[in-house]
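Here is input.pdb, consisting of PDB, C-alpha atoms:
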```
ATOM      1  CA  MET A  18      11.955  54.123 -16.130
ATOM      2  CA  GLN A  19      11.334  53.415 -12.452
ATOM      3  CA  ARG A  20      13.496  51.825  -9.840
ATOM      4  CA  GLY A  21      13.273  50.397  -6.328
ATOM      5  CA  SER A  22      15.273  51.458  -3.291
ATOM      6  CA  ILE A  23      16.961  48.451  -1.706
ATOM      7  CA  ASN A  24      19.414  47.359   0.945
ATOM      8  CA  THR A  25      22.053  46.447  -1.636
ATOM      9  CA  ASP A  26      22.289  50.062  -2.782
ATOM     10  CA  ILE A  27      22.676  51.287   0.799
ATOM     11  CA  ASN A  28      25.241  48.633   1.702
ATOM     12  CA  THR A  29      27.281  49.559  -1.371
ATOM     13  CA  ARG A  30      27.105  53.265  -0.573
ATOM     14  CA  LEU A  31      28.301  52.605   2.995
ATOM     15  CA  GLY A  32      31.070  50.185   2.034
ATOM     16  CA  TRP A  33      29.395  47.589   4.289
ATOM     17  CA  TYR A  34      30.615  44.696   2.132
ATOM     18  CA  SER A  35      34.183  45.364   3.273
ATOM     19  CA  LYS A  36      35.373  42.652   5.666
ATOM     20  CA  THR A  37      36.601  45.416   7.974
ATOM     21  CA  VAL A  38      32.959  46.149   8.901
ATOM     22  CA  ASP A  39      31.432  43.841  11.504
ATOM     23  CA  GLU A  40      28.276  45.778  12.384
ATOM     24  CA  ALA A  41      24.663  45.663  11.230
ATOM     25  CA  THR A  42      23.662  47.836   8.276
ATOM     26  CA  ASN A  43      21.535  50.232  10.297
ATOM     27  CA  VAL A  44      24.438  51.057  12.618
ATOM     28  CA  GLY A  45      26.094  53.051   9.842
ATOM     29  CA  GLY A  46      22.999  53.749   7.796
ATOM     30  CA  THR A  47      23.128  57.530   8.222
ATOM     31  CA  GLU A  48      26.695  58.487   9.112
ATOM     32  CA  GLY A  49      28.569  55.532   7.635
ATOM     33  CA  PHE A  50      31.124  53.247   9.272
ATOM     34  CA  ARG A  51      34.329  54.465  10.868
ATOM     35  CA  ASP A  52      36.534  51.598   9.667
ATOM     36  CA  VAL A  53      36.016  50.730   6.003
ATOM     37  CA  SER A  54      38.626  49.458   3.587
ATOM     38  CA  ASP A  55      38.202  50.829   0.071
ATOM     39  CA  GLU A  56      39.936  47.782  -1.398
ATOM     40  CA  ASP A  57      37.123  45.279  -0.756
ATOM     41  CA  ALA A  58      34.089  47.534  -0.279
ATOM     42  CA  GLY A  59      32.305  46.502  -3.472
ATOM     43  CA  TRP A  60      29.704  43.755  -3.798
ATOM     44  CA  SER A  61      32.212  41.448  -5.484
ATOM     45  CA  GLY A  62      34.895  41.987  -2.818
ATOM     46  CA  THR A  63      36.874  44.442  -4.931
ATOM     47  CA  ALA A  64      37.194  48.212  -4.891
ATOM     48  CA  LEU A  65      34.368  50.285  -6.357
ATOM     49  CA  GLU A  66      35.230  52.329  -9.411
ATOM     50  CA  PHE A  67      34.126  55.959  -9.485
ATOM     51  CA  PRO A  68      32.121  57.756 -10.641
ATOM     52  CA  ARG A  69      29.348  55.192 -10.135
ATOM     53  CA  ILE A  70      25.578  55.533 -10.581
ATOM     54  CA  GLN A  71      23.787  53.196  -8.179
ATOM     55  CA  GLY A  72      20.383  51.557  -8.539
ATOM     56  CA  ALA A  73      19.867  47.789  -8.815
ATOM     57  CA  ASP A  74      16.111  47.766  -9.596
ATOM     58  CA  VAL A  75      15.058  48.927 -13.058
ATOM     59  CA  VAL A  76      11.879  48.701 -15.116
ATOM     60  CA  GLY A  77      11.129  50.745 -18.225
ATOM     61  CA  ARG A  78      10.880  50.758 -21.989
ATOM     62  CA  ILE A  79      13.692  50.379 -24.489
ATOM     63  CA  VAL A  80      14.209  53.709 -26.275
ATOM     64  CA  ALA A  81      17.351  52.896 -28.298
ATOM     65  CA  VAL A  82      19.424  49.834 -29.215
ATOM     66  CA  GLY A  83      22.979  49.122 -30.276
ATOM     67  CA  SER A  84      24.014  48.148 -33.792
ATOM     68  CA  ARG A  85      23.832  44.404 -33.080
ATOM     69  CA  VAL A  86      20.398  44.460 -31.413
ATOM     70  CA  ALA A  87      17.142  44.125 -33.356
ATOM     71  CA  LYS A  88      15.430  47.488 -33.724
ATOM     72  CA  ALA A  89      12.154  45.679 -33.077
ATOM     73  CA  ARG A  90      13.087  45.748 -29.387
ATOM     74  CA  ILE A  91      12.572  49.505 -29.255
ATOM     75  CA  GLY A  92       9.413  50.177 -27.282
ATOM     76  CA  GLU A  93       9.486  46.893 -25.366
ATOM     77  CA  ARG A  94       8.546  47.070 -21.705
ATOM     78  CA  VAL A  95      11.290  45.313 -19.805
ATOM     79  CA  LEU A  96      12.563  44.234 -16.424
ATOM     80  CA  VAL A  97      16.336  44.350 -16.042
ATOM     81  CA  ARG A  98      18.063  41.457 -14.327
ATOM     82  CA  ASN A  99      20.098  42.932 -11.490
ATOM     83  CA  MET A 100      22.666  40.110 -11.246
ATOM     84  CA  LEU A 101      24.297  40.614 -14.639
ATOM     85  CA  ARG A 102      25.832  37.617 -16.413
ATOM     86  CA  HIS A 103      26.908  39.232 -19.691
ATOM     87  CA  TYR A 104      29.930  41.002 -18.201
ATOM     88  CA  VAL A 105      31.558  37.841 -16.808
ATOM     89  CA  ASP A 106      31.058  35.692 -19.910
ATOM     90  CA  ARG A 107      28.401  33.714 -18.013
ATOM     91  CA  ARG A 108      30.958  31.946 -15.832
ATOM     92  CA  PRO A 109      29.396  29.941 -12.967
ATOM     93  CA  TYR A 110      29.141  31.714  -9.608
ATOM     94  CA  GLU A 111      30.218  35.049 -11.059
ATOM     95  CA  SER A 112      28.068  38.076 -11.701
ATOM     96  CA  TRP A 113      28.095  41.856 -11.723
ATOM     97  CA  THR A 114      25.554  43.745  -9.682
ATOM     98  CA  LEU A 115      23.726  46.545 -11.465
ATOM     99  CA  GLY A 116      24.666  49.776  -9.695
ATOM    100  CA  SER A 117      27.804  48.296  -8.136
ATOM    101  CA  GLU A 118      30.181  46.873 -10.739
ATOM    102  CA  CYS A 119      28.546  48.986 -13.457
ATOM    103  CA  ASP A 120      26.225  51.999 -13.583
ATOM    104  CA  GLY A 121      22.642  51.377 -12.520
ATOM    105  CA  GLY A 122      19.193  52.891 -12.539
ATOM    106  CA  PHE A 123      19.351  56.049 -10.390
ATOM    107  CA  ALA A 124      19.222  58.082 -13.603
ATOM    108  CA  GLN A 125      16.901  58.961 -16.444
ATOM    109  CA  PHE A 126      18.397  56.315 -18.733
ATOM    110  CA  VAL A 127      20.524  53.194 -18.282
ATOM    111  CA  ALA A 128      22.471  51.181 -20.871
ATOM    112  CA  ILE A 129      22.264  47.409 -20.384
ATOM    113  CA  ALA A 130      23.161  44.403 -22.519
ATOM    114  CA  SER A 131      20.195  43.134 -24.529
ATOM    115  CA  ASP A 132      20.252  39.656 -22.984
ATOM    116  CA  GLU A 133      19.909  41.172 -19.491
ATOM    117  CA  THR A 134      16.656  42.970 -20.379
ATOM    118  CA  HIS A 135      13.590  40.744 -20.202
ATOM    119  CA  ALA A 136      10.403  41.698 -22.029
ATOM    120  CA  VAL A 137       7.421  41.538 -19.674
ATOM    121  CA  ASN A 138       3.789  41.296 -20.771
ATOM    122  CA  SER A 139       1.829  42.561 -17.784
ATOM    123  CA  ASP A 140      -0.794  45.154 -16.939
ATOM    124  CA  TRP A 141       0.961  45.966 -13.662
ATOM    125  CA  SER A 142       1.976  49.563 -13.087
ATOM    126  CA  ASP A 143       5.635  50.493 -13.498
ATOM    127  CA  THR A 144       5.687  51.156  -9.762
ATOM    128  CA  SER A 145       4.694  47.572  -8.981
ATOM    129  CA  LEU A 146       7.132  46.128 -11.506
ATOM    130  CA  ALA A 147       9.959  48.220 -10.038
ATOM    131  CA  ALA A 148       9.548  46.298  -6.771
ATOM    132  CA  VAL A 149      10.392  42.988  -8.447
ATOM    133  CA  PRO A 150      13.933  42.606  -9.835
ATOM    134  CA  CYS A 151      16.277  42.501  -6.848
ATOM    135  CA  ALA A 152      13.996  41.545  -3.959
ATOM    136  CA  TYR A 153      12.046  38.852  -5.776
ATOM    137  CA  SER A 154      15.010  37.389  -7.654
ATOM    138  CA  THR A 155      16.961  37.188  -4.382
ATOM    139  CA  ALA A 156      14.048  35.439  -2.669
ATOM    140  CA  GLU A 157      13.346  33.115  -5.595
ATOM    141  CA  ASN A 158      17.029  32.221  -5.812
ATOM    142  CA  MET A 159      17.103  31.212  -2.138
ATOM    143  CA  LEU A 160      14.020  29.039  -2.575
ATOM    144  CA  HIS A 161      15.421  27.592  -5.805
ATOM    145  CA  ARG A 162      18.784  26.758  -4.216
ATOM    146  CA  ALA A 163      17.072  25.202  -1.177
ATOM    147  CA  ASN A 164      14.687  23.287  -3.458
ATOM    148  CA  VAL A 165      11.685  24.389  -1.398
ATOM    149  CA  GLY A 166       8.459  22.467  -1.874
ATOM    150  CA  ALA A 167       5.389  21.667   0.207
ATOM    151  CA  GLU A 168       7.195  21.780   3.540
ATOM    152  CA  ARG A 169       7.636  24.005   6.593
ATOM    153  CA  VAL A 170       9.669  27.152   5.917
ATOM    154  CA  LEU A 171      10.748  29.871   8.344
ATOM    155  CA  ILE A 172      11.546  33.288   6.823
ATOM    156  CA  THR A 173      13.384  36.011   8.725
ATOM    157  CA  GLY A 174      12.946  39.712   7.955
ATOM    158  CA  ALA A 175       9.542  38.805   6.560
ATOM    159  CA  SER A 176       8.207  42.366   6.464
ATOM    160  CA  GLY A 177      11.065  43.631   4.280
ATOM    161  CA  GLY A 178      11.319  43.563   0.505
ATOM    162  CA  VAL A 179      13.164  40.244   0.162
ATOM    163  CA  GLY A 180      11.406  38.643   3.136
ATOM    164  CA  MET A 181       7.922  39.488   1.916
ATOM    165  CA  ALA A 182       8.848  38.294  -1.559
ATOM    166  CA  ALA A 183      10.027  35.011  -0.026
ATOM    167  CA  VAL A 184       6.727  34.646   1.851
ATOM    168  CA  GLN A 185       4.742  34.939  -1.388
ATOM    169  CA  LEU A 186       7.079  32.769  -3.425
ATOM    170  CA  ALA A 187       7.226  30.048  -0.774
ATOM    171  CA  ARG A 188       3.421  29.987  -0.619
ATOM    172  CA  ARG A 189       3.425  29.686  -4.394
ATOM    173  CA  ARG A 190       5.500  26.501  -3.976
ATOM    174  CA  GLY A 191       2.977  25.059  -1.519
ATOM    175  CA  ALA A 192       5.023  25.652   1.639
ATOM    176  CA  GLU A 193       3.715  26.233   5.140
ATOM    177  CA  VAL A 194       5.228  29.647   5.865
ATOM    178  CA  ILE A 195       6.310  31.022   9.238
ATOM    179  CA  GLY A 196       7.380  34.654   9.046
ATOM    180  CA  VAL A 197       9.546  36.527  11.538
ATOM    181  CA  ALA A 198       8.728  40.219  11.911
ATOM    182  CA  SER A 199       7.991  42.937  14.436
ATOM    183  CA  ALA A 200       4.595  42.857  16.108
ATOM    184  CA  ALA A 201       3.654  46.110  14.351
ATOM    185  CA  LYS A 202       4.117  44.523  10.925
ATOM    186  CA  SER A 203       2.762  41.077  11.777
ATOM    187  CA  GLN A 204      -0.589  41.512  10.022
ATOM    188  CA  THR A 205       1.090  42.792   6.865
ATOM    189  CA  VAL A 206       3.167  39.607   6.721
ATOM    190  CA  ARG A 207       0.039  37.500   7.251
ATOM    191  CA  ASP A 208      -1.685  39.398   4.459
ATOM    192  CA  ALA A 209       1.275  38.540   2.206
ATOM    193  CA  GLY A 210       0.588  34.844   2.790
ATOM    194  CA  ALA A 211       2.320  33.730   5.980
ATOM    195  CA  HIS A 212       0.426  31.053   7.897
ATOM    196  CA  ARG A 213       1.993  32.221  11.130
ATOM    197  CA  VAL A 214       4.135  35.163  12.258
ATOM    198  CA  ILE A 215       6.454  35.126  15.259
ATOM    199  CA  ASP A 216       7.894  38.256  16.839
ATOM    200  CA  ARG A 217      11.479  38.985  15.879
ATOM    201  CA  ALA A 218      12.241  39.583  19.556
ATOM    202  CA  ASP A 219      11.279  35.997  20.424
ATOM    203  CA  ASN A 220      13.614  33.017  20.384
ATOM    204  CA  PRO A 221      12.580  30.984  17.307
ATOM    205  CA  VAL A 222      13.328  27.675  19.037
ATOM    206  CA  GLU A 223      10.962  28.552  21.866
ATOM    207  CA  ALA A 224       8.385  29.888  19.410
ATOM    208  CA  VAL A 225       8.287  26.986  16.916
ATOM    209  CA  GLY A 226      10.231  24.204  18.603
ATOM    210  CA  GLU A 227      13.555  22.459  18.106
ATOM    211  CA  ARG A 228      13.872  20.416  14.894
ATOM    212  CA  SER A 229      10.544  21.767  13.656
ATOM    213  CA  VAL A 230      11.199  23.428  10.279
ATOM    214  CA  ASP A 231      12.544  22.041   7.014
ATOM    215  CA  VAL A 232      14.053  25.222   5.585
ATOM    216  CA  VAL A 233      15.209  28.583   6.944
ATOM    217  CA  ILE A 234      15.307  31.530   4.537
ATOM    218  CA  ASP A 235      17.476  34.130   6.259
ATOM    219  CA  VAL A 236      18.275  37.720   5.292
ATOM    220  CA  VAL A 237      19.057  38.897   8.833
ATOM    221  CA  GLY A 238      22.056  36.863  10.013
ATOM    222  CA  GLY A 239      23.774  38.147  13.149
ATOM    223  CA  SER A 240      23.510  36.549  16.553
ATOM    224  CA  GLY A 241      20.287  34.671  15.782
ATOM    225  CA  VAL A 242      21.791  32.189  13.314
ATOM    226  CA  ALA A 243      22.603  29.541  15.935
ATOM    227  CA  ASP A 244      18.971  29.393  17.075
ATOM    228  CA  LEU A 245      17.765  29.138  13.484
ATOM    229  CA  LEU A 246      20.014  26.116  12.917
ATOM    230  CA  THR A 247      18.662  24.552  16.108
ATOM    231  CA  ALA A 248      15.096  24.996  14.801
ATOM    232  CA  LEU A 249      15.912  23.005  11.646
ATOM    233  CA  LYS A 250      14.960  19.349  11.322
ATOM    234  CA  LEU A 251      17.515  16.639  10.570
ATOM    235  CA  GLY A 252      18.665  17.205   6.995
ATOM    236  CA  GLY A 253      17.314  20.747   7.002
ATOM    237  CA  ARG A 254      18.494  23.527   4.691
ATOM    238  CA  TYR A 255      19.579  27.027   5.698
ATOM    239  CA  ALA A 256      19.723  29.600   2.880
ATOM    240  CA  LEU A 257      21.357  32.987   3.475
ATOM    241  CA  ALA A 258      21.325  36.051   1.221
ATOM    242  CA  GLY A 259      21.837  38.953   3.596
ATOM    243  CA  ALA A 260      23.023  39.940   7.031
ATOM    244  CA  ILE A 261      21.242  43.144   7.970
ATOM    245  CA  GLY A 262      21.426  42.071  11.618
ATOM    246  CA  GLY A 263      25.218  41.771  11.423
ATOM    247  CA  PRO A 264      27.741  39.838   9.295
ATOM    248  CA  LEU A 265      29.234  37.792  12.131
ATOM    249  CA  ALA A 266      27.576  34.772  13.766
ATOM    250  CA  GLU A 267      28.795  32.181  16.252
ATOM    251  CA  ILE A 268      27.461  28.684  15.589
ATOM    252  CA  ASP A 269      28.122  25.228  16.994
ATOM    253  CA  LEU A 270      29.523  23.167  14.125
ATOM    254  CA  ARG A 271      28.270  20.018  15.840
ATOM    255  CA  THR A 272      24.739  21.243  15.125
ATOM    256  CA  VAL A 273      25.625  21.423  11.444
ATOM    257  CA  TYR A 274      27.220  18.017  10.976
ATOM    258  CA  LEU A 275      25.304  15.943  13.504
ATOM    259  CA  LYS A 276      22.011  17.118  11.979
ATOM    260  CA  ASP A 277      23.307  16.800   8.388
ATOM    261  CA  LEU A 278      22.360  20.408   7.626
ATOM    262  CA  SER A 279      23.001  22.134   4.308
ATOM    263  CA  LEU A 280      24.180  25.754   4.544
ATOM    264  CA  LEU A 281      23.595  27.661   1.314
ATOM    265  CA  GLY A 282      25.095  31.051   0.533
ATOM    266  CA  CYS A 283      22.911  32.578  -2.175
ATOM    267  CA  THR A 284      24.205  35.304  -4.488
ATOM    268  CA  PHE A 285      24.805  33.884  -7.970
ATOM    269  CA  GLN A 286      21.569  33.186  -9.833
ATOM    270  CA  GLU A 287      21.072  30.629 -12.577
ATOM    271  CA  ASP A 288      19.307  32.068 -15.617
ATOM    272  CA  VAL A 289      16.119  30.161 -14.852
ATOM    273  CA  VAL A 290      15.572  32.170 -11.663
ATOM    274  CA  PHE A 291      14.869  35.464 -13.420
ATOM    275  CA  THR A 292      13.052  33.982 -16.397
ATOM    276  CA  ASN A 293      10.727  32.126 -14.023
ATOM    277  CA  LEU A 294      10.175  35.334 -12.081
ATOM    278  CA  VAL A 295       9.013  37.135 -15.216
ATOM    279  CA  ARG A 296       6.535  34.309 -15.846
ATOM    280  CA  TYR A 297       5.180  34.623 -12.281
ATOM    281  CA  VAL A 298       4.573  38.321 -12.923
ATOM    282  CA  GLU A 299       2.859  37.667 -16.230
ATOM    283  CA  ARG A 300       0.595  35.091 -14.595
ATOM    284  CA  ASP A 301      -0.159  37.346 -11.581
ATOM    285  CA  GLU A 302       1.190  34.729  -9.183
ATOM    286  CA  ILE A 303       2.864  37.324  -6.967
ATOM    287  CA  ALA A 304       1.806  40.778  -5.766
ATOM    288  CA  PRO A 305       4.507  43.186  -4.513
ATOM    289  CA  LEU A 306       3.672  45.565  -1.693
ATOM    290  CA  VAL A 307       4.883  49.099  -2.472
ATOM    291  CA  SER A 308       4.415  51.158   0.671
ATOM    292  CA  GLN A 309       5.815  54.479  -0.530
ATOM    293  CA  THR A 310       7.015  56.241  -3.677
ATOM    294  CA  TYR A 311       9.486  59.104  -3.994
ATOM    295  CA  ALA A 312      10.713  61.413  -6.720
ATOM    296  CA  LEU A 313      14.219  60.527  -7.886
ATOM    297  CA  ASP A 314      15.641  63.617  -6.176
ATOM    298  CA  GLU A 315      14.143  62.412  -2.881
ATOM    299  CA  ILE A 316      16.492  59.437  -2.768
ATOM    300  CA  ARG A 317      18.084  60.600   0.510
ATOM    301  CA  THR A 318      14.684  60.487   2.233
ATOM    302  CA  ALA A 319      13.848  57.146   0.632
ATOM    303  CA  GLN A 320      17.059  55.511   1.833
ATOM    304  CA  GLN A 321      16.691  56.948   5.326
ATOM    305  CA  ASP A 322      13.132  55.612   5.532
ATOM    306  CA  PHE A 323      14.474  52.239   4.395
ATOM    307  CA  VAL A 324      17.208  52.173   7.042
ATOM    308  CA  ASP A 325      14.690  53.211   9.695
ATOM    309  CA  LYS A 326      12.379  50.364   8.577
ATOM    310  CA  LYS A 327       9.602  52.915   8.440
ATOM    311  CA  TYR A 328       7.489  50.933   5.973
ATOM    312  CA  PRO A 329       6.988  47.250   5.131
ATOM    313  CA  GLY A 330       7.610  45.928   1.641
ATOM    314  CA  LYS A 331       9.242  48.047  -1.040
ATOM    315  CA  LEU A 332       9.985  51.721  -1.650
ATOM    316  CA  VAL A 333      10.103  52.968  -5.247
ATOM    317  CA  LEU A 334      11.791  55.982  -6.844
ATOM    318  CA  ILE A 335       9.987  57.609  -9.770
ATOM    319  CA  PRO A 336      11.503  60.008 -12.344
ATOM    320  CA  PRO A 337       9.644  63.328 -12.741
ATOM    321  CA  GLU A 338       8.148  62.673 -16.164
ATOM    322  CA  VAL A 339       6.109  59.654 -14.974
ATOM    323  CA  ARG A 340       5.405  60.653 -11.366
TER     324      ARG A 340
END
```
Mind converting the file's structure to structure tokens?
Amino acid sequence: MQRGSINTDINTRLGWYSKTVDEATNVGGTEGFRDVSDEDAGWSGTALEFPRIQGADVVGRIVAVGSRVAKARIGERVLVRNMLRHYVDRRPYESWTLGSECDGGFAQFVAIASDETHAVNSDWSDTSLAAVPCAYSTAENMLHRANVGAERVLITGASGGVGMAAVQLARRRGAEVIGVASAAKSQTVRDAGAHRVIDRADNPVEAVGERSVDVVIDVVGGSGVADLLTALKLGGRYALAGAIGGPLAEIDLRTVYLKDLSLLGCTFQEDVVFTNLVRYVERDEIAPLVSQTYALDEIRTAQQDFVDKKYPGKLVLIPPEVR
């Protein structure tokens, strides 16, 4: 079994989801935040229960099944859906996050409901598959919710795991993709499929023009949100699934209603999002970038490298027996 290292795991460890925190993730990435309320520090806005094994990205083979699961599943190579529906009786807009509301993949074995484990028929390495579940399902969900087609799409954080996934998945939908990234990672984002890359230090309105893009896919948030809304065309859609640049943003509501914008918060995923993602993998329609791998006991180094944005794309943890 292999697993990715992602921002969700770090945010959960830090208690960043608590509404008492108003800073960017990297501010507390090493030492933590000074003011965190335990009561709402979990992904779902409730207290975390301990002990808790983290790890939202899991790929592996089924080695044992419960009494009500077909034994024929033993040996299947599977991807585990990270936004779990089984535990909330599949109620709309509710889900449990693997490694947050229940134990996850930072272990040798993980027990997951059968309907959350998706058989995958692919010749990809386990390392490549481990880069898929959280980052690509998050990106695909944003594109799905925004109904992205052959139109102009601007993607923030385009050199990160979710951002780079969104670049590839938007291209797959026929979109003209503008990525936002640091100059040092610009070529990597182009290689992933972006038609154009603008520097994250630049004002997007000055870089691409006012009312120039149909959809914004944002995982950064923070003070730049107002400019992103200004860059949207009339009737544009803004999809948000992260706020690594900070959870608070000041926007002019007149921009929202006078331009008839749609603001989409994207966490809950319809079943079709993950099943489609597995099909994309099986048809080689996407290609994750894994920049670095680590042994499972090197998780501290892996998460620090992630916080420091040392590498583009994904980082993957590998248990000793398959390293």
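Using all atoms listed in the file, the contacts of Leu280 of chain A at a cut-off of 7 Å, with sequence neighbours closer than 5 positions omitted, comprise Arg254, Tyr255 and Ala256 of chain A.
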- Could you pull out every residue with an atom within 12 Å of (34.8, 44.8, -4.8), file coordinates, counting only C-alpha atoms, and send them as a list in words?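 Applying the cut-off with only C-alpha atoms, one gets Thr29, Gly32, Trp33, Tyr34, Ser35, Lys36, Ser54, Asp55, Glu56, Asp57, Ala58, Gly59, Trp60, Ser61, Gly62, Thr63, Ala64, Leu65, Glu66, Ser112, Trp113, Thr114, Ser117, Glu118 and Cys119 of chain A.
Atom CA of Ile195 of chain A is positioned 15.7 Å from atom CA of Met159 of chain A.
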- Item | the PyMOL selection byres ((chain A and resi 278) around 7) applied to the shown file, residues as a VMD selection string | chain A and resid 251 to 254 273 to 274 276 to 277 279 to 280
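Nearest residue to Tyr153 of chain A among A:Thr310, A:Thr292, A:Ser84, A:Gln125 is A:Thr292, counting all atoms listed in the file.
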- Query: With all atoms listed in the file as the basis for distance, which of A:Leu275, A:Ala124, A:Glu193, A:Gly174 is at the shortest distance from Asp216 of chain A?
  - Reply: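 Using all atoms listed in the file, the shortest distance to Asp216 of chain A belongs to A:Gly174.
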- Message: What's the separation between atom CA of Asp106 of chain A and atom CA of Ala73 of chain A, in Å to one decimal place?
- Response: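 Interatomic distance here is 19.9 Å.
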Around (21.7, 40.0, -13.4), as given in the file, which residues come within 6 Å? Count only C-alpha atoms and list them as an mmCIF file with C-alpha atoms, in the coordinates of the input.
```
data_model
loop_
_atom_site.group_PDB
_atom_site.id
_atom_site.type_symbol
_atom_site.label_atom_id
_atom_site.label_comp_id
_atom_site.auth_asym_id
_atom_site.auth_seq_id
_atom_site.Cartn_x
_atom_site.Cartn_y
_atom_site.Cartn_z
ATOM 1 C CA ARG A 98 18.063 41.457 -14.327
ATOM 2 C CA ASN A 99 20.098 42.932 -11.490
ATOM 3 C CA MET A 100 22.666 40.110 -11.246
ATOM 4 C CA LEU A 101 24.297 40.614 -14.639
ATOM 5 C CA ARG A 102 25.832 37.617 -16.413
#
```
- Message: Once the PyMOL selection byres ((chain A and resi 331-337) around 10) is applied to the coordinates I shared, what remains selected? I want it as a PyMOL selection string.
- Response: chain A and resi 18-23+72+74-75+122-125+143-149+152+176-179+181-182+305-316+319-320+322-323+328-330+338-340
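Take atom CA of Arg300 of chain A and atom CA of Thr205 of chain A: the distance between them is 22.8 Å.
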- Task: Can you pull out every residue within 9 Å of Cys283 of chain A, counting all atoms listed in the file, but drop anything in the same chain fewer than 2 positions away, and send it as a list in words?
- Result: Thr155, Asn158, Met159, Arg162, Ala256, Leu257, Ala258, Gly259, Leu281, Phe285 and Gln286 of chain A
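Considering all atoms listed in the file, the residue among A:Arg169, A:Arg228, A:Arg213, A:Arg188 positioned nearest to Glu302 of chain A is A:Arg188.
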- Closest of A:Val194, A:Ala248, A:Cys151, A:Ile27 to Val165 of chain A - atom-to-atom distances counting all atoms listed in the file: A:Val194
- Near Arg94 of chain A, counting only C-alpha atoms, which residues have an atom at most 12 Å away, once you skip same-chain residues fewer than 6 positions from it, shown as an NGL selection string? :A and (18-19 or 75-80 or 134-143 or 146-147 or 295)
Expanded to explicit residues, what is the PyMOL selection byres ((chain A and resi 266) around 8) for this file, as a PDB file with C-alpha atoms, keeping the file's coordinate frame?
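Below is the file selection-v1.pdb, written as the result:
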```pdb
ATOM      1  CA  GLY A 238      22.056  36.863  10.013  1.00  0.00           C
ATOM      2  CA  GLY A 239      23.774  38.147  13.149  1.00  0.00           C
ATOM      3  CA  SER A 240      23.510  36.549  16.553  1.00  0.00           C
ATOM      4  CA  GLY A 241      20.287  34.671  15.782  1.00  0.00           C
ATOM      5  CA  VAL A 242      21.791  32.189  13.314  1.00  0.00           C
ATOM      6  CA  ALA A 243      22.603  29.541  15.935  1.00  0.00           C
ATOM      7  CA  GLY A 263      25.218  41.771  11.423  1.00  0.00           C
ATOM      8  CA  PRO A 264      27.741  39.838   9.295  1.00  0.00           C
ATOM      9  CA  LEU A 265      29.234  37.792  12.131  1.00  0.00           C
ATOM     10  CA  GLU A 267      28.795  32.181  16.252  1.00  0.00           C
ATOM     11  CA  ILE A 268      27.461  28.684  15.589  1.00  0.00           C
TER      12      ILE A 268
END
```
- Message: For Ile215 of chain A, find every residue with an atom within 12 Å (counting only C-alpha atoms), except residues of its own chain fewer than 5 positions away, and show them as number ranges by chain.
- Response: A: 171-176, 194-204, 206-207, 220-225
Axis-aligned box for segment 104-118 of chain A, 4 Å per side, centre and edges in Å as JSON:
```
{"center_x": 27.6, "center_y": 39.9, "center_z": -14.0, "size_x": 15.8, "size_y": 27.8, "size_z": 19.8}
```
